[in-house]
Structures are given as structure tokens and as C-alpha cells.
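In what follows, a structure is listed as C-alpha cells, so that the remarks can point back to it.
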Amino acid sequence: MENFESSIAELLEEETVELGDELQSFEAWDSLTVLSIIAFCDSEYNVPLSAEEIDNSGTILGLRELIESKM
């Protein structure tokens, strides 16, 4: 997961993100972004996620830990 933060930043249309950033605080956060994260996790890590799991993860770190727990 070496490029995780930069990939998530790209999906969120940001230059950088911090692990403590709240997902819903980003201007680009919407249902399309959630779908993009689902597709990204499936293709990059072979990890299926639901929109509810992503919403419940709360932060960038929470999302990372969720993915790692399913790998």
C-alpha cells in the first residue's frame, strides 16, 4: 500500500491528503467518489468494499485500515 495516500488524493481531487483527514470533509466527496474508491480498492488490492463500509471508516487512516483488514 505504498502509494495509497497519493491514489486516494487523486480520487479526491487533492494534491495531498493526511491520514487523519475526514473523508466527508473533502469538496469532491460524493457518491461518484465513493464508487471510484470501491473500484480502486477492487482493482488495486482485490478488496471488495461497500459504500457503507467506506462511510463508516471516517478518515483516510480508517479507510486504509479497513482495506488492510480485508487483504
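Going by the C-alpha cells order, chains are called A, B, ..., each with residues numbered from 1, while ligands are numbered from 1 in the order shown.
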
| task | Find the spatial neighbours of Ile54 (chain A), counting only C-alpha atoms, within a cut-off of 12 Å - ignore same-chain residues fewer than 3 positions away - and output them as a PyMOL selection string. | result | chain A and resi 22-24+29-31+33-38+41+48-51+57-67

How would the residues just chosen look if you wrote them out with N, CA and C atoms as a PDB file, in the first residue's frame?
ATOM      1  N   GLU A  22     -10.764  13.736   7.512  1.00  0.00           N
ATOM      2  CA  GLU A  22     -12.110  13.167   7.443  1.00  0.00           C
ATOM      3  C   GLU A  22     -12.518  13.053   5.974  1.00  0.00           C
ATOM      4  N   LEU A  23     -12.987  11.875   5.583  1.00  0.00           N
ATOM      5  CA  LEU A  23     -13.362  11.661   4.181  1.00  0.00           C
ATOM      6  C   LEU A  23     -14.439  12.635   3.721  1.00  0.00           C
ATOM      7  N   GLN A  24     -15.440  12.849   4.547  1.00  0.00           N
ATOM      8  CA  GLN A  24     -16.553  13.689   4.144  1.00  0.00           C
ATOM      9  C   GLN A  24     -16.218  15.178   4.138  1.00  0.00           C
ATOM     10  N   TRP A  29     -16.108  14.971  -2.210  1.00  0.00           N
ATOM     11  CA  TRP A  29     -16.748  13.787  -1.618  1.00  0.00           C
ATOM     12  C   TRP A  29     -18.212  13.709  -2.047  1.00  0.00           C
ATOM     13  N   ASP A  30     -18.531  12.675  -2.806  1.00  0.00           N
ATOM     14  CA  ASP A  30     -19.909  12.422  -3.223  1.00  0.00           C
ATOM     15  C   ASP A  30     -20.031  10.945  -3.589  1.00  0.00           C
ATOM     16  N   SER A  31     -21.188  10.551  -4.048  1.00  0.00           N
ATOM     17  CA  SER A  31     -21.421   9.134  -4.346  1.00  0.00           C
ATOM     18  C   SER A  31     -20.508   8.634  -5.473  1.00  0.00           C
ATOM     19  N   THR A  33     -17.431   9.611  -6.026  1.00  0.00           N
ATOM     20  CA  THR A  33     -16.124   9.387  -5.413  1.00  0.00           C
ATOM     21  C   THR A  33     -16.115   8.073  -4.642  1.00  0.00           C
ATOM     22  N   VAL A  34     -17.190   7.795  -3.924  1.00  0.00           N
ATOM     23  CA  VAL A  34     -17.293   6.524  -3.193  1.00  0.00           C
ATOM     24  C   VAL A  34     -17.209   5.353  -4.175  1.00  0.00           C
ATOM     25  N   LEU A  35     -17.918   5.450  -5.295  1.00  0.00           N
ATOM     26  CA  LEU A  35     -17.843   4.394  -6.311  1.00  0.00           C
ATOM     27  C   LEU A  35     -16.434   4.258  -6.879  1.00  0.00           C
ATOM     28  N   SER A  36     -15.757   5.380  -7.043  1.00  0.00           N
ATOM     29  CA  SER A  36     -14.376   5.351  -7.540  1.00  0.00           C
ATOM     30  C   SER A  36     -13.452   4.658  -6.545  1.00  0.00           C
ATOM     31  N   ILE A  37     -13.658   4.900  -5.260  1.00  0.00           N
ATOM     32  CA  ILE A  37     -12.854   4.243  -4.224  1.00  0.00           C
ATOM     33  C   ILE A  37     -13.136   2.739  -4.210  1.00  0.00           C
ATOM     34  N   ILE A  38     -14.413   2.371  -4.360  1.00  0.00           N
ATOM     35  CA  ILE A  38     -14.772   0.950  -4.420  1.00  0.00           C
ATOM     36  C   ILE A  38     -14.047   0.276  -5.588  1.00  0.00           C
ATOM     37  N   CYS A  41     -10.186   0.062  -4.920  1.00  0.00           N
ATOM     38  CA  CYS A  41      -9.819  -0.983  -3.948  1.00  0.00           C
ATOM     39  C   CYS A  41      -9.951  -2.369  -4.553  1.00  0.00           C
ATOM     40  N   PRO A  48     -13.061  -6.131  -1.939  1.00  0.00           N
ATOM     41  CA  PRO A  48     -14.397  -5.570  -2.166  1.00  0.00           C
ATOM     42  C   PRO A  48     -14.837  -4.744  -0.955  1.00  0.00           C
ATOM     43  N   LEU A  49     -15.344  -3.552  -1.208  1.00  0.00           N
ATOM     44  CA  LEU A  49     -15.854  -2.687  -0.146  1.00  0.00           C
ATOM     45  C   LEU A  49     -17.262  -2.232  -0.504  1.00  0.00           C
ATOM     46  N   SER A  50     -18.028  -1.927   0.514  1.00  0.00           N
ATOM     47  CA  SER A  50     -19.358  -1.344   0.287  1.00  0.00           C
ATOM     48  C   SER A  50     -19.287   0.155   0.595  1.00  0.00           C
ATOM     49  N   ALA A  51     -20.247   0.878   0.085  1.00  0.00           N
ATOM     50  CA  ALA A  51     -20.320   2.317   0.362  1.00  0.00           C
ATOM     51  C   ALA A  51     -20.474   2.551   1.861  1.00  0.00           C
ATOM     52  N   SER A  57     -15.757   4.196   7.796  1.00  0.00           N
ATOM     53  CA  SER A  57     -14.326   4.269   8.087  1.00  0.00           C
ATOM     54  C   SER A  57     -13.906   5.666   8.540  1.00  0.00           C
ATOM     55  N   GLY A  58     -14.622   6.690   8.103  1.00  0.00           N
ATOM     56  CA  GLY A  58     -14.446   8.042   8.624  1.00  0.00           C
ATOM     57  C   GLY A  58     -13.278   8.842   8.111  1.00  0.00           C
ATOM     58  N   THR A  59     -12.080   8.304   8.219  1.00  0.00           N
ATOM     59  CA  THR A  59     -10.867   9.045   7.848  1.00  0.00           C
ATOM     60  C   THR A  59     -10.070   8.273   6.799  1.00  0.00           C
ATOM     61  N   ILE A  60      -9.053   8.923   6.276  1.00  0.00           N
ATOM     62  CA  ILE A  60      -8.141   8.256   5.348  1.00  0.00           C
ATOM     63  C   ILE A  60      -7.505   7.052   6.045  1.00  0.00           C
ATOM     64  N   LEU A  61      -7.073   7.240   7.285  1.00  0.00           N
ATOM     65  CA  LEU A  61      -6.473   6.135   8.047  1.00  0.00           C
ATOM     66  C   LEU A  61      -7.483   5.012   8.260  1.00  0.00           C
ATOM     67  N   GLY A  62      -8.709   5.360   8.603  1.00  0.00           N
ATOM     68  CA  GLY A  62      -9.741   4.354   8.786  1.00  0.00           C
ATOM     69  C   GLY A  62      -9.985   3.545   7.527  1.00  0.00           C
ATOM     70  N   LEU A  63      -9.965   4.221   6.386  1.00  0.00           N
ATOM     71  CA  LEU A  63     -10.125   3.546   5.103  1.00  0.00           C
ATOM     72  C   LEU A  63      -8.954   2.610   4.852  1.00  0.00           C
ATOM     73  N   ARG A  64      -7.765   3.081   5.113  1.00  0.00           N
ATOM     74  CA  ARG A  64      -6.569   2.248   4.922  1.00  0.00           C
ATOM     75  C   ARG A  64      -6.634   1.004   5.816  1.00  0.00           C
ATOM     76  N   GLU A  65      -7.012   1.197   7.067  1.00  0.00           N
ATOM     77  CA  GLU A  65      -7.086   0.059   7.993  1.00  0.00           C
ATOM     78  C   GLU A  65      -8.181  -0.918   7.578  1.00  0.00           C
ATOM     79  N   LEU A  66      -9.286  -0.398   7.041  1.00  0.00           N
ATOM     80  CA  LEU A  66     -10.357  -1.254   6.554  1.00  0.00           C
ATOM     81  C   LEU A  66      -9.850  -2.139   5.407  1.00  0.00           C
ATOM     82  N   ILE A  67      -9.161  -1.527   4.473  1.00  0.00           N
ATOM     83  CA  ILE A  67      -8.615  -2.280   3.327  1.00  0.00           C
ATOM     84  C   ILE A  67      -7.624  -3.327   3.823  1.00  0.00           C
TER      85      ILE A  67
END

Could you list, as a PyMOL selection string, every residue within 12 Å of Ala28 (chain A), counting only C-alpha atoms and ignoring same-chain residues fewer than 6 positions away?
chain A and resi 8-14+34+36

Polymer residues at most 8 Å from Met71 (chain A), only C-alpha atoms, same-chain spacing of 5 or more positions, as an MDAnalysis selection string: chainID A and resid 45:47

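The nearest approach to Glu68 (chain A) among the residues A:Met1, A:Thr16, A:Asn56, A:Leu32, with only C-alpha atoms taken into account, belongs to A:Met1.
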
Practice prompt. Pull the helix (DSSP H, G or I) assignments for chain A out of DSSP run on the backbone, and list those residues as a VMD selection string.
Written response: chain A and resid 4 to 11 23 to 25 31 to 45 51 to 57 60 to 70

For the residues selected in the previous step, produce a file with C-alpha atoms as an mmCIF file, in the first residue's frame.
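That gives us again_25.cif:
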data_model
loop_
_atom_site.group_PDB
_atom_site.id
_atom_site.type_symbol
_atom_site.label_atom_id
_atom_site.label_comp_id
_atom_site.auth_asym_id
_atom_site.auth_seq_id
_atom_site.Cartn_x
_atom_site.Cartn_y
_atom_site.Cartn_z
ATOM 1 C CA PHE A 4 -2.269 4.543 -1.083
ATOM 2 C CA GLU A 5 -2.370 8.179 0.059
ATOM 3 C CA SER A 6 -1.421 9.591 -3.337
ATOM 4 C CA SER A 7 -4.008 7.409 -5.089
ATOM 5 C CA ILE A 8 -6.742 8.447 -2.663
ATOM 6 C CA ALA A 9 -5.682 12.095 -3.036
ATOM 7 C CA GLU A 10 -6.100 11.770 -6.796
ATOM 8 C CA LEU A 11 -9.591 10.266 -6.390
ATOM 9 C CA LEU A 23 -13.362 11.661 4.181
ATOM 10 C CA GLN A 24 -16.553 13.689 4.144
ATOM 11 C CA SER A 25 -14.635 16.958 4.589
ATOM 12 C CA SER A 31 -21.421 9.134 -4.346
ATOM 13 C CA LEU A 32 -19.283 9.079 -7.502
ATOM 14 C CA THR A 33 -16.124 9.387 -5.413
ATOM 15 C CA VAL A 34 -17.293 6.524 -3.193
ATOM 16 C CA LEU A 35 -17.843 4.394 -6.311
ATOM 17 C CA SER A 36 -14.376 5.351 -7.540
ATOM 18 C CA ILE A 37 -12.854 4.243 -4.224
ATOM 19 C CA ILE A 38 -14.772 0.950 -4.420
ATOM 20 C CA ALA A 39 -13.436 0.346 -7.949
ATOM 21 C CA PHE A 40 -9.902 1.386 -6.946
ATOM 22 C CA CYS A 41 -9.819 -0.983 -3.948
ATOM 23 C CA ASP A 42 -11.143 -3.839 -6.035
ATOM 24 C CA SER A 43 -8.668 -3.351 -8.875
ATOM 25 C CA GLU A 44 -5.563 -2.406 -6.847
ATOM 26 C CA TYR A 45 -5.953 -4.608 -3.779
ATOM 27 C CA ALA A 51 -20.320 2.317 0.362
ATOM 28 C CA GLU A 52 -21.440 1.841 3.958
ATOM 29 C CA GLU A 53 -18.036 0.454 4.984
ATOM 30 C CA ILE A 54 -16.306 3.423 3.382
ATOM 31 C CA ASP A 55 -18.626 5.915 5.094
ATOM 32 C CA ASN A 56 -18.118 4.174 8.436
ATOM 33 C CA SER A 57 -14.326 4.269 8.087
ATOM 34 C CA ILE A 60 -8.141 8.256 5.348
ATOM 35 C CA LEU A 61 -6.473 6.135 8.047
ATOM 36 C CA GLY A 62 -9.741 4.354 8.786
ATOM 37 C CA LEU A 63 -10.125 3.546 5.103
ATOM 38 C CA ARG A 64 -6.569 2.248 4.922
ATOM 39 C CA GLU A 65 -7.086 0.059 7.993
ATOM 40 C CA LEU A 66 -10.357 -1.254 6.554
ATOM 41 C CA ILE A 67 -8.615 -2.280 3.327
ATOM 42 C CA GLU A 68 -5.699 -3.852 5.216
ATOM 43 C CA SER A 69 -8.104 -5.856 7.379
ATOM 44 C CA LYS A 70 -9.578 -7.421 4.236
#
